[in-house]
Amino acid sequence: MRNKTIFLFLFLLVLIPSLTLLPVGCSKSPTDQHSKITAAKYHCPMHPTVVSDKPGDCPICGMKLVEMEKHEQAAKTADKTANFHCPMHPTVVSDKPGDCPICGMKLVPIEKDKQEKAPQKKTMYRSTMNVNEVSDKPGKDSMGMDMVAFEVTENNEKTPHGLAVVTISLEKRERMNLKLGIVEKRAISREIRTSARIVSDETRLFRVTTKVGGWVEKLHVSVTGQTVGKGGPLLSIYSPELMASEQEYLSALKAVKDMPKTASDIVQESARGVLDAAKRRLQLWDISDRQIARIEKNGEAEKTLTLTAPSSGVVIEKSVLAGQKIMPGDSLMIVADLTNVWADADIYQSDLPYIKVGMSAEISLPFWQGKNFKGEVTFVSPTIDPETRTLKARLNVGNADLLLKPGMYTNARLSYQLGERIAVPETAVMRTGTRDYAFRDDGEGRLTPVEIKIGTLSDGYFEVVSGLKEGERVVTSANFLVDSESSMKAAIESVAGK
């Protein structure tokens with residue numbers, strides 16, 4: 001019995017000092033563990049979970065335990081005036097050069113931009129069986145198992161809701177095939193693609209009419225669609241009224257020629273006035289000077305009047321037949337010059353800010369690859385079609401080869417130059433329908449989600465209205481993997497009550 005007593009005494013003598021430095025994670029219950037932490041005055045700067053109520057060494061790394069109050073007070077008093085810190089212990093800061101009191105390393109300067117954005121690490125505890133069960137204090141999970149410690153990075157920068165800053169190492173980036181792009185200034189243009197319908201140029205349409213009544217004696221153009229040249233014959237008209245006017249002209253002409261030289265000046269002047277009036281009447285009835293000269297030469301009135309084409313083009317409408325009686329002002333034919341046509345493009349309301357008179361346009365045929373026609377916007381309709389909710393933009397298009405036919409549907413492409421703007425690659429933008437964001441590379445592996453406002457899409461680049469600056473780098477590939485990790489981290493922080 002005495003030997004057993006001596007053995008128990010020696011055992012307790014060895015066991016009690018070792019219990020002094022017992023880590024919090026080895027406590028038997030959350031209550032005992034909490035009381036241990038409350039009474040603790042010293043902890044290991046490298047392993048915050050190792051605490052003690054008296055000085056000593058860390059059983060994990062062997063470093064000296066430091067006073068918690070002094071350590072925390074130093075961290076609280078360190079502000080933006082601190083210019084140096086320990087690379088191994090970021091909480092050790094100073095406003096002048098020196099050595100780290102913990103590890104003895106030289107303090108290095110703190111870069112101002114990194115000092116403002118430097119992330120803070122916090123120790124959290126998570127269940128090994130349920131990753132969603134997280135706590136900011138050590139203890140046991142709902143299944144009675146010890147929760148394990150892990151570190152989370154706190155960031156003061158505001159990020160989009162549901163996303164958090166993530167840190168991805170170089171090796172992991174290579175496995176993810178993560179690539180970066182640069183925010184830069186580029187020439188941005190707004191391109192509008194729509195459909196257009198070819199119509200005749202209204203300024204090149206000519207209606208053929210007559211100013212005298214009569215009958216159609218002969219049709220020189222008998223079918224619609226026939227091509228005519230300027231001054232070419234269209235139809236011949238027999239008009240008794242016209243023949244009477246021609247006969248009056250011949251009579252006045254004969255009177256002037258046969259007038260004796262002894263006639264007074266008043267008589268000669270009167271005869272010439274009658275002749276001029278008769279000729280003027282023929283001209284007003286669209287009798288050409290060539291036809292009048294032929295009547296003078298032949299000395300007899302012509303039975304028919306031949307109407308000629310006012311311009312070269314195509315007869316797109318014919319409303320007269322041979323032998324038909326016509327009245328003054330009747331529309332007989334319409335001749336269209338198709339060497340220049342119009343294209344009526346359908347423009348939606350969202351594209352109205354980018355449609356201007358004078359901007360360039362290009363017309364292409366969907367069935368004829370590689371055949372393009374240059375054009376220009378000459379008119380924008382002031383009203384919107386209530387059925388299609390579009391308005392018409394008139395494009396003036398050259399058609400020297402007559403390949404564009406009225407009534408034909410084509411593809412129209414209009415380009416509006418916006419000038420140089422800050423732009424980001426299209427693949428870098430994450431679009432949700434309610435917001436747009438991108439992941440900015442802040443160095444040292446940190447990727448920060450940034451909400452942005454984008455404008456026009458041009459040649460694979462989005463115009464950046466706000467959110468990013470020129471020269472910054474953003475993720476352009478593996479975005480969804482980064483987004484998933486950022487969302488998961490934000491969810492864990494949310495559960496942790498951050």
# chains A, B, ... in the order shown; residues from 1 in each chain; ligands from 1
$ residues_around --residues "Asp351 of chain A" --least-positions-apart "5" --cutoff "12 Å" --atoms "only C-alpha atoms" --output "PyMOL selection string"
chain A and resi 190-194+346+356+390-393+414-416+456
$ select_by_dssp --residues "segment 135-247 of chain A" --states "strand (DSSP E or B)" --output "MDAnalysis selection string"
chainID A and resid 135 140 146 148:154 166:167 179:182 184:200 205:209 214:219 227:228 233:238
$ closest_residue --among "A:Asp57, A:Glu485, A:Thr224, A:Pro406" --to "Ser319 of chain A" --atoms "only C-alpha atoms"
A:Thr224
$ residues_around --residues "Val465 of chain A" --least-positions-apart "2" --cutoff "8 Å" --atoms "only C-alpha atoms" --output "number ranges by chain"
A: 422, 452-455, 463, 467
$ atom_distance --atom1 "atom CA of Lys230 of chain A" --atom2 "atom CA of Ala309 of chain A"
5.3 Å
$ residues_around --residues "Lys254 of chain A" --least-positions-apart "4" --cutoff "10 Å" --atoms "only C-alpha atoms" --output "ChimeraX atom specification"
/A:248-250,258-259,271,275,296,299
$ write_last_selection --atoms "C-alpha atoms" --output "PDB file, in the first residue's frame"
ATOM      1  CA  GLU A 248     -52.390  76.697-136.859  1.00  0.00           C
ATOM      2  CA  TYR A 249     -48.629  76.763-136.414  1.00  0.00           C
ATOM      3  CA  LEU A 250     -48.056  75.837-140.078  1.00  0.00           C
ATOM      4  CA  ASP A 258     -45.331  84.866-147.691  1.00  0.00           C
ATOM      5  CA  MET A 259     -45.663  88.363-146.219  1.00  0.00           C
ATOM      6  CA  ALA A 271     -47.696  87.916-137.885  1.00  0.00           C
ATOM      7  CA  LEU A 275     -46.347  82.360-135.038  1.00  0.00           C
ATOM      8  CA  GLU A 296     -41.669  72.806-140.279  1.00  0.00           C
ATOM      9  CA  GLY A 299     -44.831  71.322-144.024  1.00  0.00           C
TER      10      GLY A 299
END
$ atom_distance --atom1 "atom CA of Arg446 of chain A" --atom2 "atom CA of Ala428 of chain A"
16.0 Å
$ residues_around --residues "Val212 of chain A" --least-positions-apart "2" --cutoff "10 Å" --atoms "only C-alpha atoms" --output "VMD selection string"
chain A and resid 209 to 210 214 to 215 237 to 242 285 to 286 305 326 to 330
$ write_last_selection --atoms "C-alpha atoms" --output "PDB file, in the first residue's frame"
ATOM      1  CA  THR A 209     -48.799  61.750-118.530  1.00  0.00           C
ATOM      2  CA  THR A 210     -50.252  63.750-121.395  1.00  0.00           C
ATOM      3  CA  GLY A 214     -56.941  61.557-127.596  1.00  0.00           C
ATOM      4  CA  TRP A 215     -56.378  57.885-128.350  1.00  0.00           C
ATOM      5  CA  ILE A 237     -51.121  59.521-129.265  1.00  0.00           C
ATOM      6  CA  TYR A 238     -53.647  60.676-131.882  1.00  0.00           C
ATOM      7  CA  SER A 239     -55.227  63.962-130.796  1.00  0.00           C
ATOM      8  CA  PRO A 240     -57.505  66.060-133.033  1.00  0.00           C
ATOM      9  CA  GLU A 241     -56.868  69.035-130.791  1.00  0.00           C
ATOM     10  CA  LEU A 242     -53.145  68.627-131.216  1.00  0.00           C
ATOM     11  CA  TRP A 285     -48.169  70.376-124.838  1.00  0.00           C
ATOM     12  CA  ASP A 286     -44.739  68.711-124.539  1.00  0.00           C
ATOM     13  CA  LEU A 305     -47.667  62.767-130.840  1.00  0.00           C
ATOM     14  CA  ILE A 326     -56.972  58.977-122.688  1.00  0.00           C
ATOM     15  CA  MET A 327     -57.733  62.289-121.048  1.00  0.00           C
ATOM     16  CA  PRO A 328     -55.386  65.099-120.041  1.00  0.00           C
ATOM     17  CA  GLY A 329     -53.592  64.262-116.782  1.00  0.00           C
ATOM     18  CA  ASP A 330     -54.082  60.474-116.973  1.00  0.00           C
TER      19      ASP A 330
END
$ closest_residue --among "A:Val377, A:Val223, A:Leu180, A:Ala255" --to "Glu269 of chain A" --atoms "only C-alpha atoms"
A:Ala255
